Structure formats: C-alpha cells, structure tokens
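K.L.:
So that you have it, the file is structure.pdb, and it contains PDB, C-alpha atoms:
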MODEL        1
ATOM      1  CA  MET A  31     -14.291 -28.298  -4.081
ATOM      2  CA  GLN A  32     -13.767 -28.020  -7.823
ATOM      3  CA  THR A  33     -10.360 -26.663  -8.824
ATOM      4  CA  LEU A  34      -9.517 -24.553 -11.851
ATOM      5  CA  SER A  35      -7.975 -27.560 -13.575
ATOM      6  CA  GLU A  36     -11.394 -29.249 -13.451
ATOM      7  CA  ALA A  37     -13.312 -26.182 -14.586
ATOM      8  CA  ASN A  38     -15.730 -26.338 -17.498
ATOM      9  CA  GLY A  39     -16.097 -23.810 -20.300
ATOM     10  CA  ASP A  40     -18.318 -21.418 -18.338
ATOM     11  CA  ALA A  41     -15.934 -21.486 -15.405
ATOM     12  CA  VAL A  42     -12.983 -20.733 -17.680
ATOM     13  CA  GLN A  43     -14.806 -17.652 -18.956
ATOM     14  CA  GLU A  44     -15.440 -16.621 -15.352
ATOM     15  CA  ILE A  45     -11.752 -17.027 -14.581
ATOM     16  CA  GLU A  46     -10.670 -15.027 -17.627
ATOM     17  CA  ALA A  47     -13.136 -12.258 -16.760
ATOM     18  CA  SER A  48     -11.844 -12.106 -13.198
ATOM     19  CA  VAL A  49      -8.222 -12.012 -14.337
ATOM     20  CA  ALA A  50      -9.060  -9.153 -16.714
ATOM     21  CA  LYS A  51     -10.733  -7.179 -13.910
ATOM     22  CA  ILE A  52      -7.751  -7.710 -11.618
ATOM     23  CA  ALA A  53      -5.428  -6.465 -14.364
ATOM     24  CA  GLU A  54      -7.647  -3.416 -14.860
ATOM     25  CA  ALA A  55      -7.588  -2.724 -11.113
ATOM     26  CA  ARG A  56      -3.805  -2.979 -11.039
ATOM     27  CA  ALA A  57      -3.538  -0.532 -13.941
ATOM     28  CA  ALA A  58      -5.994   1.910 -12.323
ATOM     29  CA  ILE A  59      -4.031   1.948  -9.065
ATOM     30  CA  SER A  60      -0.756   2.500 -10.944
ATOM     31  CA  GLU A  61      -2.253   5.629 -12.551
ATOM     32  CA  VAL A  62      -2.373   7.226  -9.088
ATOM     33  CA  ILE A  63       0.517   5.551  -7.240
ATOM     34  CA  TYR A  64       3.858   6.032  -9.022
ATOM     35  CA  GLY A  65       6.959   3.890  -8.712
ATOM     36  CA  GLN A  66       5.527   1.366  -6.260
ATOM     37  CA  GLU A  67       4.653  -1.516  -8.570
ATOM     38  CA  GLN A  68       5.935  -4.175  -6.199
ATOM     39  CA  VAL A  69       4.020  -2.647  -3.286
ATOM     40  CA  ILE A  70       0.836  -2.501  -5.378
ATOM     41  CA  ASP A  71       1.230  -6.122  -6.457
ATOM     42  CA  GLN A  72       1.885  -7.379  -2.933
ATOM     43  CA  THR A  73      -1.065  -5.419  -1.552
ATOM     44  CA  LEU A  74      -3.359  -6.771  -4.257
ATOM     45  CA  VAL A  75      -2.107 -10.293  -3.575
ATOM     46  CA  THR A  76      -2.908  -9.818   0.114
ATOM     47  CA  VAL A  77      -6.445  -8.621  -0.580
ATOM     48  CA  LEU A  78      -7.097 -11.333  -3.183
ATOM     49  CA  ALA A  79      -5.939 -13.896  -0.630
ATOM     50  CA  GLY A  80      -8.488 -12.487   1.825
ATOM     51  CA  GLY A  81      -5.892 -11.200   4.285
ATOM     52  CA  HIS A  82      -4.640  -8.056   5.994
ATOM     53  CA  ALA A  83      -1.427  -6.144   5.271
ATOM     54  CA  LEU A  84       0.994  -4.098   7.354
ATOM     55  CA  LEU A  85       2.591  -1.332   5.267
ATOM     56  CA  VAL A  86       5.930  -0.265   6.738
ATOM     57  CA  GLY A  87       7.654   2.864   5.438
ATOM     58  CA  VAL A  88       8.723   6.383   6.282
ATOM     59  CA  PRO A  89       6.173   9.217   5.912
ATOM     60  CA  GLY A  90       5.420  10.577   2.466
ATOM     61  CA  LEU A  91       5.574   7.357   0.438
ATOM     62  CA  ALA A  92       1.843   7.326  -0.443
ATOM     63  CA  LYS A  93       0.825   4.564   1.969
ATOM     64  CA  THR A  94      -2.384   6.366   2.936
ATOM     65  CA  LEU A  95      -3.093   7.284  -0.673
ATOM     66  CA  LEU A  96      -2.568   3.661  -1.713
ATOM     67  CA  VAL A  97      -5.216   2.409   0.706
ATOM     68  CA  HIS A  98      -7.732   5.101  -0.302
ATOM     69  CA  THR A  99      -7.052   4.428  -3.988
ATOM     70  CA  MET A 100      -7.485   0.686  -3.539
ATOM     71  CA  GLY A 101     -10.825   1.234  -1.825
ATOM     72  CA  ALA A 102     -12.088   3.339  -4.723
ATOM     73  CA  VAL A 103     -10.681   1.071  -7.454
ATOM     74  CA  LEU A 104     -11.991  -2.139  -5.865
ATOM     75  CA  GLY A 105     -15.395  -0.628  -5.049
ATOM     76  CA  LEU A 106     -15.017  -1.089  -1.294
ATOM     77  CA  ASP A 107     -16.421   0.976   1.544
ATOM     78  CA  ASP A 108     -13.197   2.299   3.084
ATOM     79  CA  LYS A 109     -12.637   4.186   6.323
ATOM     80  CA  ARG A 110      -9.580   5.543   8.064
ATOM     81  CA  VAL A 111      -8.616   5.643  11.732
ATOM     82  CA  GLN A 112      -5.633   7.731  12.827
ATOM     83  CA  PHE A 113      -4.132   5.835  15.736
ATOM     84  CA  THR A 114      -2.976   8.042  18.623
ATOM     85  CA  PRO A 115      -2.023   7.307  22.250
ATOM     86  CA  ASP A 116      -5.401   8.536  23.519
ATOM     87  CA  LEU A 117      -7.458   6.445  21.077
ATOM     88  CA  MET A 118      -9.822   4.069  22.879
ATOM     89  CA  PRO A 119     -11.239   0.709  21.712
ATOM     90  CA  ALA A 120     -14.732   2.217  21.537
ATOM     91  CA  ASP A 121     -13.422   4.774  19.022
ATOM     92  CA  ILE A 122     -12.803   1.843  16.652
ATOM     93  CA  LEU A 123     -15.519  -0.674  17.495
ATOM     94  CA  GLY A 124     -18.357   1.649  18.477
ATOM     95  CA  SER A 125     -20.274   2.008  21.726
ATOM     96  CA  GLU A 126     -23.726   1.746  23.241
ATOM     97  CA  VAL A 127     -25.648   4.910  24.018
ATOM     98  CA  LEU A 128     -28.685   5.282  26.242
ATOM     99  CA  GLU A 129     -31.699   6.647  24.410
ATOM    100  CA  GLU A 130     -35.019   7.786  25.792
ATOM    101  CA  SER A 131     -38.163   7.450  23.708
ATOM    102  CA  GLU A 132     -41.067   9.892  23.576
ATOM    103  CA  ARG A 133     -42.933   7.700  26.051
ATOM    104  CA  GLY A 134     -40.096   7.955  28.528
ATOM    105  CA  SER A 135     -38.762   4.425  28.167
ATOM    106  CA  ARG A 136     -35.018   4.001  27.963
ATOM    107  CA  SER A 137     -32.977   1.541  25.943
ATOM    108  CA  PHE A 138     -29.461   1.088  24.705
ATOM    109  CA  ARG A 139     -28.599   1.490  21.038
ATOM    110  CA  PHE A 140     -25.304   0.418  19.513
ATOM    111  CA  LEU A 141     -23.541   3.016  17.383
ATOM    112  CA  LYS A 142     -21.183   1.265  14.987
ATOM    113  CA  GLY A 143     -17.596   2.447  14.825
ATOM    114  CA  PRO A 144     -15.350   2.814  11.776
ATOM    115  CA  VAL A 145     -14.389  -0.889  11.905
ATOM    116  CA  PHE A 146     -17.745  -1.612  10.242
ATOM    117  CA  CYS A 147     -16.459  -1.163   6.717
ATOM    118  CA  GLN A 148     -14.891  -3.289   4.003
ATOM    119  CA  LEU A 149     -11.442  -1.694   3.943
ATOM    120  CA  LEU A 150     -10.121  -0.194   7.174
ATOM    121  CA  MET A 151      -6.966   1.865   7.188
ATOM    122  CA  ALA A 152      -5.259   1.784  10.573
ATOM    123  CA  ASP A 153      -2.866   4.696  10.146
ATOM    124  CA  GLU A 154       0.254   4.499  12.348
ATOM    125  CA  ILE A 155      -1.183   1.538  14.226
ATOM    126  CA  ASN A 156       1.759   1.361  16.632
ATOM    127  CA  ARG A 157       0.934   4.800  18.076
ATOM    128  CA  ALA A 158      -2.090   3.441  19.963
ATOM    129  CA  SER A 159      -1.904   1.618  23.290
ATOM    130  CA  PRO A 160      -1.915  -2.212  23.368
ATOM    131  CA  ARG A 161      -5.473  -2.110  24.707
ATOM    132  CA  THR A 162      -6.644  -0.254  21.616
ATOM    133  CA  GLN A 163      -4.526  -2.354  19.258
ATOM    134  CA  SER A 164      -6.160  -5.478  20.676
ATOM    135  CA  ALA A 165      -9.576  -4.143  19.626
ATOM    136  CA  LEU A 166      -8.691  -5.222  16.096
ATOM    137  CA  LEU A 167      -7.649  -8.773  16.982
ATOM    138  CA  GLN A 168     -11.109 -10.335  16.907
ATOM    139  CA  ALA A 169     -12.092  -8.284  13.870
ATOM    140  CA  MET A 170      -9.048  -9.387  11.878
ATOM    141  CA  GLN A 171      -9.279 -13.052  12.805
ATOM    142  CA  GLU A 172     -13.014 -13.743  13.069
ATOM    143  CA  LYS A 173     -14.498 -10.901  10.957
ATOM    144  CA  GLN A 174     -16.733  -9.938  13.872
ATOM    145  CA  VAL A 175     -16.562  -7.846  17.042
ATOM    146  CA  THR A 176     -18.064  -8.249  20.512
ATOM    147  CA  VAL A 177     -19.400  -5.218  22.358
ATOM    148  CA  ALA A 178     -21.192  -5.526  25.713
ATOM    149  CA  GLY A 179     -21.440  -9.292  25.223
ATOM    150  CA  VAL A 180     -23.143  -9.030  21.824
ATOM    151  CA  ARG A 181     -21.438 -10.169  18.628
ATOM    152  CA  TYR A 182     -21.725  -8.104  15.469
ATOM    153  CA  GLU A 183     -20.728  -9.418  12.043
ATOM    154  CA  LEU A 184     -18.499  -7.180   9.928
ATOM    155  CA  PRO A 185     -19.231  -6.464   6.256
ATOM    156  CA  ALA A 186     -17.761  -8.841   3.690
ATOM    157  CA  PRO A 187     -15.135  -8.614   2.412
ATOM    158  CA  PHE A 188     -13.260  -7.107   5.357
ATOM    159  CA  HIS A 189      -9.605  -6.107   5.203
ATOM    160  CA  VAL A 190      -7.281  -4.114   7.450
ATOM    161  CA  LEU A 191      -4.408  -2.239   5.829
ATOM    162  CA  ALA A 192      -2.289  -0.786   8.627
ATOM    163  CA  THR A 193       0.675   1.571   8.311
ATOM    164  CA  GLN A 194       3.737   1.885  10.489
ATOM    165  CA  ASN A 195       6.747   4.216  10.512
ATOM    166  CA  PRO A 196       9.928   2.153  11.023
ATOM    167  CA  LEU A 197      12.071   5.114  12.140
ATOM    168  CA  GLU A 198      10.249   7.193  14.739
ATOM    169  CA  GLN A 199       9.675   4.873  17.706
ATOM    170  CA  GLU A 200       9.316   7.442  20.497
ATOM    171  CA  GLY A 201       5.854   7.240  22.032
ATOM    172  CA  THR A 202       4.943   4.053  20.154
ATOM    173  CA  TYR A 203       3.811   0.610  21.284
ATOM    174  CA  PRO A 204       5.295  -2.263  19.263
ATOM    175  CA  LEU A 205       2.647  -4.644  17.972
ATOM    176  CA  PRO A 206       2.543  -7.934  19.919
ATOM    177  CA  GLU A 207       3.533 -11.068  18.037
ATOM    178  CA  ALA A 208      -0.023 -12.433  18.186
ATOM    179  CA  GLN A 209      -1.335  -9.423  16.306
ATOM    180  CA  LEU A 210       1.534  -9.357  13.826
ATOM    181  CA  ASP A 211       0.702 -12.954  12.965
ATOM    182  CA  ARG A 212      -2.805 -11.849  11.922
ATOM    183  CA  PHE A 213      -1.334  -9.800   9.094
ATOM    184  CA  LEU A 214      -0.961 -12.008   6.049
ATOM    185  CA  THR A 215       1.925  -9.853   4.777
ATOM    186  CA  GLN A 216       4.271  -7.128   5.900
ATOM    187  CA  ILE A 217       4.967  -4.911   2.906
ATOM    188  CA  ASP A 218       8.024  -2.671   3.052
ATOM    189  CA  VAL A 219       7.438   0.605   1.179
ATOM    190  CA  ASN A 220      10.688   2.095  -0.122
ATOM    191  CA  TYR A 221      11.541   5.308  -1.969
ATOM    192  CA  PRO A 222      10.542   5.471  -5.669
ATOM    193  CA  ASP A 223      13.213   5.541  -8.345
ATOM    194  CA  LEU A 224      14.240   8.750 -10.121
ATOM    195  CA  GLU A 225      11.903   8.489 -13.115
ATOM    196  CA  ALA A 226       8.903   7.564 -10.971
ATOM    197  CA  GLU A 227       9.557  10.498  -8.647
ATOM    198  CA  ARG A 228       9.942  12.829 -11.647
ATOM    199  CA  ARG A 229       6.579  11.633 -13.000
ATOM    200  CA  MET A 230       5.002  12.034  -9.568
ATOM    201  CA  LEU A 231       6.397  15.568  -9.215
ATOM    202  CA  LEU A 232       4.949  16.713 -12.510
ATOM    203  CA  ALA A 233       1.588  14.992 -12.071
ATOM    204  CA  THR A 234       0.819  16.108  -8.515
ATOM    205  CA  THR A 235       1.857  19.778  -8.625
ATOM    206  CA  GLY A 236      -0.133  20.833 -11.668
ATOM    207  CA  SER A 237      -3.626  22.246 -11.975
ATOM    208  CA  GLU A 238      -5.251  18.934 -12.888
ATOM    209  CA  GLU A 239      -5.925  16.358 -10.200
ATOM    210  CA  VAL A 240      -5.518  12.674 -11.019
ATOM    211  CA  LYS A 241      -8.879  10.967 -10.563
ATOM    212  CA  VAL A 242      -9.331   7.412  -9.399
ATOM    213  CA  ARG A 243     -11.370   5.245 -11.742
ATOM    214  CA  PRO A 244     -13.271   2.233 -10.382
ATOM    215  CA  ALA A 245     -12.339  -1.105 -11.917
ATOM    216  CA  MET A 246     -14.113  -3.671  -9.732
ATOM    217  CA  THR A 247     -16.968  -4.025  -7.292
ATOM    218  CA  ALA A 248     -17.002  -5.674  -3.877
ATOM    219  CA  GLU A 249     -18.783  -8.666  -5.389
ATOM    220  CA  ASP A 250     -16.137  -8.919  -8.130
ATOM    221  CA  LEU A 251     -13.493  -9.032  -5.425
ATOM    222  CA  ARG A 252     -15.334 -11.716  -3.469
ATOM    223  CA  ALA A 253     -15.666 -13.795  -6.650
ATOM    224  CA  ALA A 254     -11.916 -13.446  -7.256
ATOM    225  CA  GLN A 255     -11.196 -14.471  -3.666
ATOM    226  CA  ARG A 256     -13.286 -17.598  -4.147
ATOM    227  CA  LEU A 257     -11.337 -18.371  -7.323
ATOM    228  CA  VAL A 258      -8.044 -18.028  -5.449
ATOM    229  CA  ARG A 259      -8.998 -20.894  -3.141
ATOM    230  CA  ARG A 260      -9.754 -23.080  -6.167
ATOM    231  CA  VAL A 261      -6.327 -22.625  -7.764
ATOM    232  CA  PRO A 262      -4.570 -26.025  -7.728
ATOM    233  CA  VAL A 263      -1.172 -26.216  -6.055
ATOM    234  CA  GLY A 264       1.325 -28.834  -7.177
ATOM    235  CA  GLU A 265       3.123 -31.128  -4.758
ATOM    236  CA  LYS A 266       6.438 -29.429  -5.562
ATOM    237  CA  VAL A 267       5.081 -26.041  -4.479
ATOM    238  CA  VAL A 268       3.516 -27.498  -1.319
ATOM    239  CA  ASN A 269       6.839 -29.078  -0.394
ATOM    240  CA  ALA A 270       8.663 -25.808  -1.092
ATOM    241  CA  ILE A 271       6.323 -23.919   1.254
ATOM    242  CA  LEU A 272       6.719 -26.474   4.028
ATOM    243  CA  GLU A 273      10.478 -26.677   3.583
ATOM    244  CA  LEU A 274      10.886 -22.897   3.656
ATOM    245  CA  VAL A 275       8.681 -22.265   6.689
ATOM    246  CA  ARG A 276      10.024 -25.172   8.725
ATOM    247  CA  SER A 277      13.638 -24.315   7.891
ATOM    248  CA  ALA A 278      13.105 -20.886   9.489
ATOM    249  CA  ARG A 279      12.425 -22.469  12.893
ATOM    250  CA  PRO A 280      15.464 -23.023  15.121
ATOM    251  CA  GLU A 281      13.688 -25.937  16.840
ATOM    252  CA  GLU A 282      13.339 -27.931  13.619
ATOM    253  CA  GLY A 283      16.987 -28.874  13.211
ATOM    254  CA  ALA A 284      17.500 -25.990  10.823
ATOM    255  CA  SER A 285      20.728 -24.632   9.370
ATOM    256  CA  GLU A 286      23.528 -23.384  11.566
ATOM    257  CA  GLU A 287      22.666 -19.760  10.727
ATOM    258  CA  VAL A 288      19.044 -20.166  11.825
ATOM    259  CA  GLU A 289      20.049 -21.878  15.052
ATOM    260  CA  ARG A 290      22.573 -19.130  15.805
ATOM    261  CA  HIS A 291      20.569 -16.068  14.825
ATOM    262  CA  VAL A 292      16.809 -16.790  14.946
ATOM    263  CA  ALA A 293      15.101 -16.459  18.340
ATOM    264  CA  TRP A 294      11.772 -17.828  17.135
ATOM    265  CA  GLY A 295      10.414 -18.747  13.747
ATOM    266  CA  PRO A 296       7.109 -18.715  11.856
ATOM    267  CA  GLY A 297       4.205 -20.920  12.910
ATOM    268  CA  PRO A 298       1.698 -22.897  10.819
ATOM    269  CA  ARG A 299      -0.242 -19.723  10.009
ATOM    270  CA  ALA A 300       2.761 -18.675   7.896
ATOM    271  CA  SER A 301       2.374 -21.796   5.745
ATOM    272  CA  GLN A 302      -1.327 -21.077   5.300
ATOM    273  CA  ALA A 303      -0.623 -17.449   4.392
ATOM    274  CA  LEU A 304       2.056 -18.416   1.889
ATOM    275  CA  MET A 305      -0.230 -21.006   0.273
ATOM    276  CA  LEU A 306      -2.989 -18.437  -0.259
ATOM    277  CA  ALA A 307      -0.551 -15.739  -1.372
ATOM    278  CA  VAL A 308       1.101 -17.843  -4.098
ATOM    279  CA  ARG A 309      -2.335 -18.825  -5.401
ATOM    280  CA  ALA A 310      -3.392 -15.171  -5.538
ATOM    281  CA  ARG A 311      -0.160 -14.165  -7.301
ATOM    282  CA  ALA A 312      -0.640 -16.858  -9.922
ATOM    283  CA  LEU A 313      -4.222 -15.796 -10.594
ATOM    284  CA  MET A 314      -3.238 -12.126 -10.758
ATOM    285  CA  ASP A 315      -0.672 -12.990 -13.429
ATOM    286  CA  GLY A 316      -3.227 -15.039 -15.372
ATOM    287  CA  ARG A 317      -1.722 -18.425 -14.477
ATOM    288  CA  PHE A 318      -3.800 -21.384 -13.322
ATOM    289  CA  SER A 319      -1.192 -22.760 -10.931
ATOM    290  CA  PRO A 320       1.584 -21.221  -8.786
ATOM    291  CA  SER A 321       5.261 -22.090  -9.091
ATOM    292  CA  VAL A 322       8.216 -22.288  -6.732
ATOM    293  CA  GLU A 323       9.218 -18.836  -7.978
ATOM    294  CA  ASP A 324       5.993 -17.485  -6.472
ATOM    295  CA  VAL A 325       7.022 -18.980  -3.141
ATOM    296  CA  LYS A 326      10.415 -17.260  -3.309
ATOM    297  CA  ALA A 327       8.887 -13.928  -4.405
ATOM    298  CA  LEU A 328       6.432 -13.849  -1.495
ATOM    299  CA  ALA A 329       8.642 -15.399   1.178
ATOM    300  CA  ALA A 330       9.853 -12.064   2.559
ATOM    301  CA  PRO A 331       6.482 -10.274   2.936
ATOM    302  CA  VAL A 332       4.879 -13.383   4.450
ATOM    303  CA  LEU A 333       7.695 -14.366   6.832
ATOM    304  CA  ARG A 334       9.544 -11.193   7.858
ATOM    305  CA  HIS A 335       7.049 -10.221  10.602
ATOM    306  CA  ARG A 336       6.710 -13.809  11.837
ATOM    307  CA  MET A 337      10.380 -14.197  12.784
ATOM    308  CA  ALA A 338      12.633 -12.559  15.353
ATOM    309  CA  LEU A 339      16.404 -12.414  15.582
ATOM    310  CA  ASN A 340      18.330 -12.797  18.827
ATOM    311  CA  PHE A 341      20.693 -10.226  20.294
ATOM    312  CA  SER A 342      23.743 -11.888  18.786
ATOM    313  CA  ALA A 343      22.311 -11.590  15.274
ATOM    314  CA  ARG A 344      21.459  -7.913  15.713
ATOM    315  CA  ALA A 345      24.939  -7.227  17.070
ATOM    316  CA  GLU A 346      26.457  -8.835  13.967
ATOM    317  CA  GLY A 347      24.254  -6.817  11.624
ATOM    318  CA  VAL A 348      22.187  -9.779  10.471
ATOM    319  CA  THR A 349      18.705  -8.900   9.147
ATOM    320  CA  VAL A 350      15.534 -10.954   8.874
ATOM    321  CA  SER A 351      15.342 -10.258   5.139
ATOM    322  CA  GLY A 352      18.887 -11.526   4.698
ATOM    323  CA  VAL A 353      18.102 -14.756   6.527
ATOM    324  CA  ILE A 354      14.988 -15.290   4.394
ATOM    325  CA  ASP A 355      16.918 -14.647   1.176
ATOM    326  CA  ARG A 356      19.496 -17.262   2.118
ATOM    327  CA  LEU A 357      16.777 -19.768   3.022
ATOM    328  CA  CYS A 358      15.117 -19.206  -0.362
ATOM    329  CA  ARG A 359      18.346 -20.107  -2.155
ATOM    330  CA  ASN A 360      18.084 -23.601  -0.706
ATOM    331  CA  ILE A 361      14.583 -24.073  -2.178
ATOM    332  CA  ILE A 362      14.751 -25.913  -5.508
TER     333      ILE A 362
ENDMDL
END
Written as structure tokens, that's how I'd like the structure from this file.

P.N.:
Amino acid sequence: MQTLSEANGDAVQEIEASVAKIAEARAAISEVIYGQEQVIDQTLVTVLAGGHALLVGVPGLAKTLLVHTMGAVLGLDDKRVQFTPDLMPADILGSEVLEESERGSRSFRFLKGPVFCQLLMADEINRASPRTQSALLQAMQEKQVTVAGVRYELPAPFHVLATQNPLEQEGTYPLPEAQLDRFLTQIDVNYPDLEAERRMLLATTGSEEVKVRPAMTAEDLRAAQRLVRRVPVGEKVVNAILELVRSARPEEGASEEVERHVAWGPGPRASQALMLAVRARALMDGRFSPSVEDVKALAAPVLRHRMALNFSARAEGVTVSGVIDRLCRNII
C-alpha cells in the first residue's frame, strides 16, 4: 500500500483537502459543544481510526448532544437506542415477521433494527442486560449481524458511540471485558471550565437555537479513514507503542508497580488501536507522521478500559489513569 510519504502531487492535494474538511468538522462541532475540546478531538480521532468509543461521564455533560452533532456534521445516518433493563436484542438488531400475501401464501420478512445505521448511539449501555449488550459484539467487530442464521451487512462506515454514567451503578450490568476491548477508546467526559459554562449558559437559554452545519459527507469520512491507514509510522513510534502496551502487563516482567497493582493488562488489540489512533491524530493536526507525543496523549483513552487493578491497588487509592501516566513517563 502506498504511504503518504510516497504520495504524488494529486495525492497530496487529496490529503490537504481531507485535512481541511476534518478541521472544518472539528470547528462545526465546537460551535455546538462548549468546553469539551479534548473530548471532541478524541471522539474524532476514534471515528477517523474507524473505531468505536465509550463516553463515560455524569448526566448533563452533552454526551448525547455530541453524538447527534457528530452525525449531522459528518453527514452520517445516526440513530439512538436508550438502553434499559427490559431492552431485548431484537430491539437493536431487528426481527423477522410473518407476512401473508394476497394469494394467501406466507413468508418471513426481516425488519431491520436501529443498528442498521452509520452512527449508533448506545445511551447508558450498561443499563441493559448482558444478553442485550452482546447483541452489539458482532456488529462492532465484524460490521455485520446474524439473525435467524442469516448474515446482514451493516452500512459503511459503521460506528458505535456508547455512553455510561460512572456514578449511578444500581440496576446496571458492567460491560464484560470482551466487549470493552471492542471500543477503540474510552473517553472520560468531565465538567467544562467556568468560561465554557458561561458561554453555554448564554447560548442555550436564549431565543435563538444553535444550528448544526454539515462539514463532511459519509464518503469524505471513508476517504479520510483510508488516508489514516496510509500514514507512515516511524520505528521510534512503533517501539514506543509496543513498550507502553507491554509494560502494562504484569506477566511481561513489568515494573514493580504494575506487578503489585495490575490484575491484568492490555492485549494486542490495544497496540493496534493505539497505532490507528496516533495516525488519526497526526492527520487531524495536518501532520504526515505521528510522534511519540501522540502515543502519550492517547495512551489513557486507549488503555484505561483494557486494564484492571487488583484489590490491593484499589485499597491504596491507586487509579488506572495514574498507572498509565507513570508508564508514559518512561517512554522516551
């Protein structure tokens, strides 16, 4: 495959056009979502890398609005599913119904569920039962679903942006590790700063409603995703990714802190996710190659949901983010 460093003049123009569209999309989203620049950037990186994101934050931080805004700005067909304990897999995937024709013959017809879209918002995903949560596993990994033994391809591109409340855990079902690993990033959504909240207060309580302006199309996004996979990655960055991911595993002869506090570490899918994410971040910033700083900037969202601390670590107040920060300091 040709990389960006080998691109000819026409390809360079294509790259510059794509970078300009990504910048326009970022600006359009920021006109609606205030004070969440880092969240916007990490979500865009996830989508450009072709992955799914888990947005974790308390209610009222515009997680739902962010997903809807991204769908409109990126020109994607977006749908929303509110996950509840009584939600069934068929409510997401769709189901077969028995129809009778005018001649009296009967046949089954498949009615597609909301998963047949380009951007699916799984709101409060941990409120549904494990059986319903598992309905998304095949869709997220293989971009297809199987109903009654028949496989159905999902639209391209296909992304799942799920939300989760980190505080209220009563009546919830924690996501299994296998499903967490399917999310390319876990993005923590925090409170906006004072000036951003002031701007939000004035803009959202007036008579004029802020309108979302489209900046890209689905085909533009797919072209950008293809460009991401052509971004060259230097040996130094590859080594940094491998060193970081492998150092987070207690079985790999890691540091004393990891051996003492980490129950299990990230697998090879973490390395793949980090490789794609740093490429996407470089392209989004208009650079033709990622740096070690990109690895450090994206280490937390890529690794934090792929690691678990043991009881001793939790008793001592150790956090996953703290462990990742200390591991990043050892990356040159």

K.L.:
Between A:Ile217, A:Leu95, A:His291, A:Leu166, which one has atoms that come closest to Gly347 in chain A, using only C-alpha atoms?

P.N.:
A:His291

K.L.:
Using the chain letters and numbering of this document, enumerate as a PyMOL selection string the residues selected by the PyMOL selection byres ((chain A and resi 80) around 9).

P.N.:
chain A and resi 75-79+81-82+187-189+214+252+255+306

K.L.:
For each of A:Gly264, A:Arg229, A:Tyr221, A:Pro320, take the minimum atom-to-atom distance to Val62 in chain A, counting only C-alpha atoms, then give the residue where this is smallest.

P.N.:
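For Val62 in chain A, the nearest of the candidates is A:Arg229.
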
K.L.:
Run the PyMOL selection byres ((chain A and resi 93) around 12) mentally over the shown coordinates, then write out the matched residues as a JSON list (two decimals) with C-alpha atoms, keeping the file's coordinate frame, using the chain letters and numbers from the document.

P.N.:
[["chain", "number", "residue", "atom", "x", "y", "z"],
["A", 62, "VAL", "CA", -2.37, 7.23, -9.09],
["A", 63, "ILE", "CA", 0.52, 5.55, -7.24],
["A", 64, "TYR", "CA", 3.86, 6.03, -9.02],
["A", 66, "GLN", "CA", 5.53, 1.37, -6.26],
["A", 69, "VAL", "CA", 4.02, -2.65, -3.29],
["A", 70, "ILE", "CA", 0.84, -2.50, -5.38],
["A", 73, "THR", "CA", -1.06, -5.42, -1.55],
["A", 83, "ALA", "CA", -1.43, -6.14, 5.27],
["A", 84, "LEU", "CA", 0.99, -4.10, 7.35],
["A", 85, "LEU", "CA", 2.59, -1.33, 5.27],
["A", 86, "VAL", "CA", 5.93, -0.26, 6.74],
["A", 87, "GLY", "CA", 7.65, 2.86, 5.44],
["A", 88, "VAL", "CA", 8.72, 6.38, 6.28],
["A", 89, "PRO", "CA", 6.17, 9.22, 5.91],
["A", 90, "GLY", "CA", 5.42, 10.58, 2.47],
["A", 91, "LEU", "CA", 5.57, 7.36, 0.44],
["A", 92, "ALA", "CA", 1.84, 7.33, -0.44],
["A", 94, "THR", "CA", -2.38, 6.37, 2.94],
["A", 95, "LEU", "CA", -3.09, 7.28, -0.67],
["A", 96, "LEU", "CA", -2.57, 3.66, -1.71],
["A", 97, "VAL", "CA", -5.22, 2.41, 0.71],
["A", 98, "HIS", "CA", -7.73, 5.10, -0.30],
["A", 99, "THR", "CA", -7.05, 4.43, -3.99],
["A", 100, "MET", "CA", -7.48, 0.69, -3.54],
["A", 151, "MET", "CA", -6.97, 1.86, 7.19],
["A", 152, "ALA", "CA", -5.26, 1.78, 10.57],
["A", 153, "ASP", "CA", -2.87, 4.70, 10.15],
["A", 154, "GLU", "CA", 0.25, 4.50, 12.35],
["A", 191, "LEU", "CA", -4.41, -2.24, 5.83],
["A", 192, "ALA", "CA", -2.29, -0.79, 8.63],
["A", 193, "THR", "CA", 0.68, 1.57, 8.31],
["A", 194, "GLN", "CA", 3.74, 1.88, 10.49],
["A", 195, "ASN", "CA", 6.75, 4.22, 10.51],
["A", 217, "ILE", "CA", 4.97, -4.91, 2.91],
["A", 218, "ASP", "CA", 8.02, -2.67, 3.05],
["A", 219, "VAL", "CA", 7.44, 0.60, 1.18],
["A", 220, "ASN", "CA", 10.69, 2.10, -0.12],
["A", 221, "TYR", "CA", 11.54, 5.31, -1.97]]

K.L.:
Here's the selection I'm unsure about, the PyMOL selection byres ((chain A and resi 288) around 12); applied to the file above, which residues does it give, as a PyMOL selection string?

P.N.:
chain A and resi 274-287+289-295+337-340+342-343+348-350+352-354+356-357

K.L.:
Which of these residues is nearest to Pro204 in chain A, using only C-alpha atoms: A:Gln163, A:Thr234, A:Asn360, A:Thr176?

P.N.:
A:Gln163

K.L.:
Emit as JSON the padded axis-aligned box for all listed atoms of range 76-86 of chain A, 4 Å per side, with centre and edge lengths in Å to one decimal.

P.N.:
{"center_x": -1.3, "center_y": -7.1, "center_z": 2.1, "size_x": 22.4, "size_y": 21.6, "size_z": 18.5}

K.L.:
If you count only C-alpha atoms, which residues fall within 12 Å of Ala178 in chain A, apart from same-chain ones fewer than 6 positions away, as a list in words?

P.N.:
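My reading of the contact set: Ala120, Leu123, Gly124, Ser125, Glu126, Val127, Phe138, Arg139 and Phe140 of chain A.
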
K.L.:
For Arg334 in chain A, which residue out of A:Ser48, A:Ser321, A:Thr202, A:Ser351 is the nearest one, using all atoms listed in the file?

P.N.:
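Closest to Arg334 in chain A, using all atoms listed in the file: A:Ser351.
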
K.L.:
Fewer than 6 positions away in the same chain doesn't count, so skip those; otherwise give me all residues within 10 Å of Val308 in chain A, counting only C-alpha atoms, as a PyMOL selection string.

P.N.:
chain A and resi 75-76+79+258+261+263+267+271+314+319-329

K.L.:
Env of range 236-242 of chain A: 9 Å cut, atoms = all atoms listed in the file, seq-sep filter 5 positions within chain, self excluded. Answer as a ChimeraX atom specification.

P.N.:
/A:58-59,61-62,99,102-103,231

K.L.:
For Ile45 in chain A, please output as a compact mmCIF listing (two decimals) with C-alpha atoms, in the frame of the given file all residues within 9 Å (counting only C-alpha atoms; exclusion window: fewer than 6 positions along the same chain).

P.N.:
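To be explicit, this is the file written out as out-v6.txt:
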# COMPACT_ATOMS: atom_id res chain seq x y z
CA LEU A 34 -9.52 -24.55 -11.85
CA ALA A 254 -11.92 -13.45 -7.26
CA LEU A 257 -11.34 -18.37 -7.32
CA LEU A 313 -4.22 -15.80 -10.59
CA GLY A 316 -3.23 -15.04 -15.37
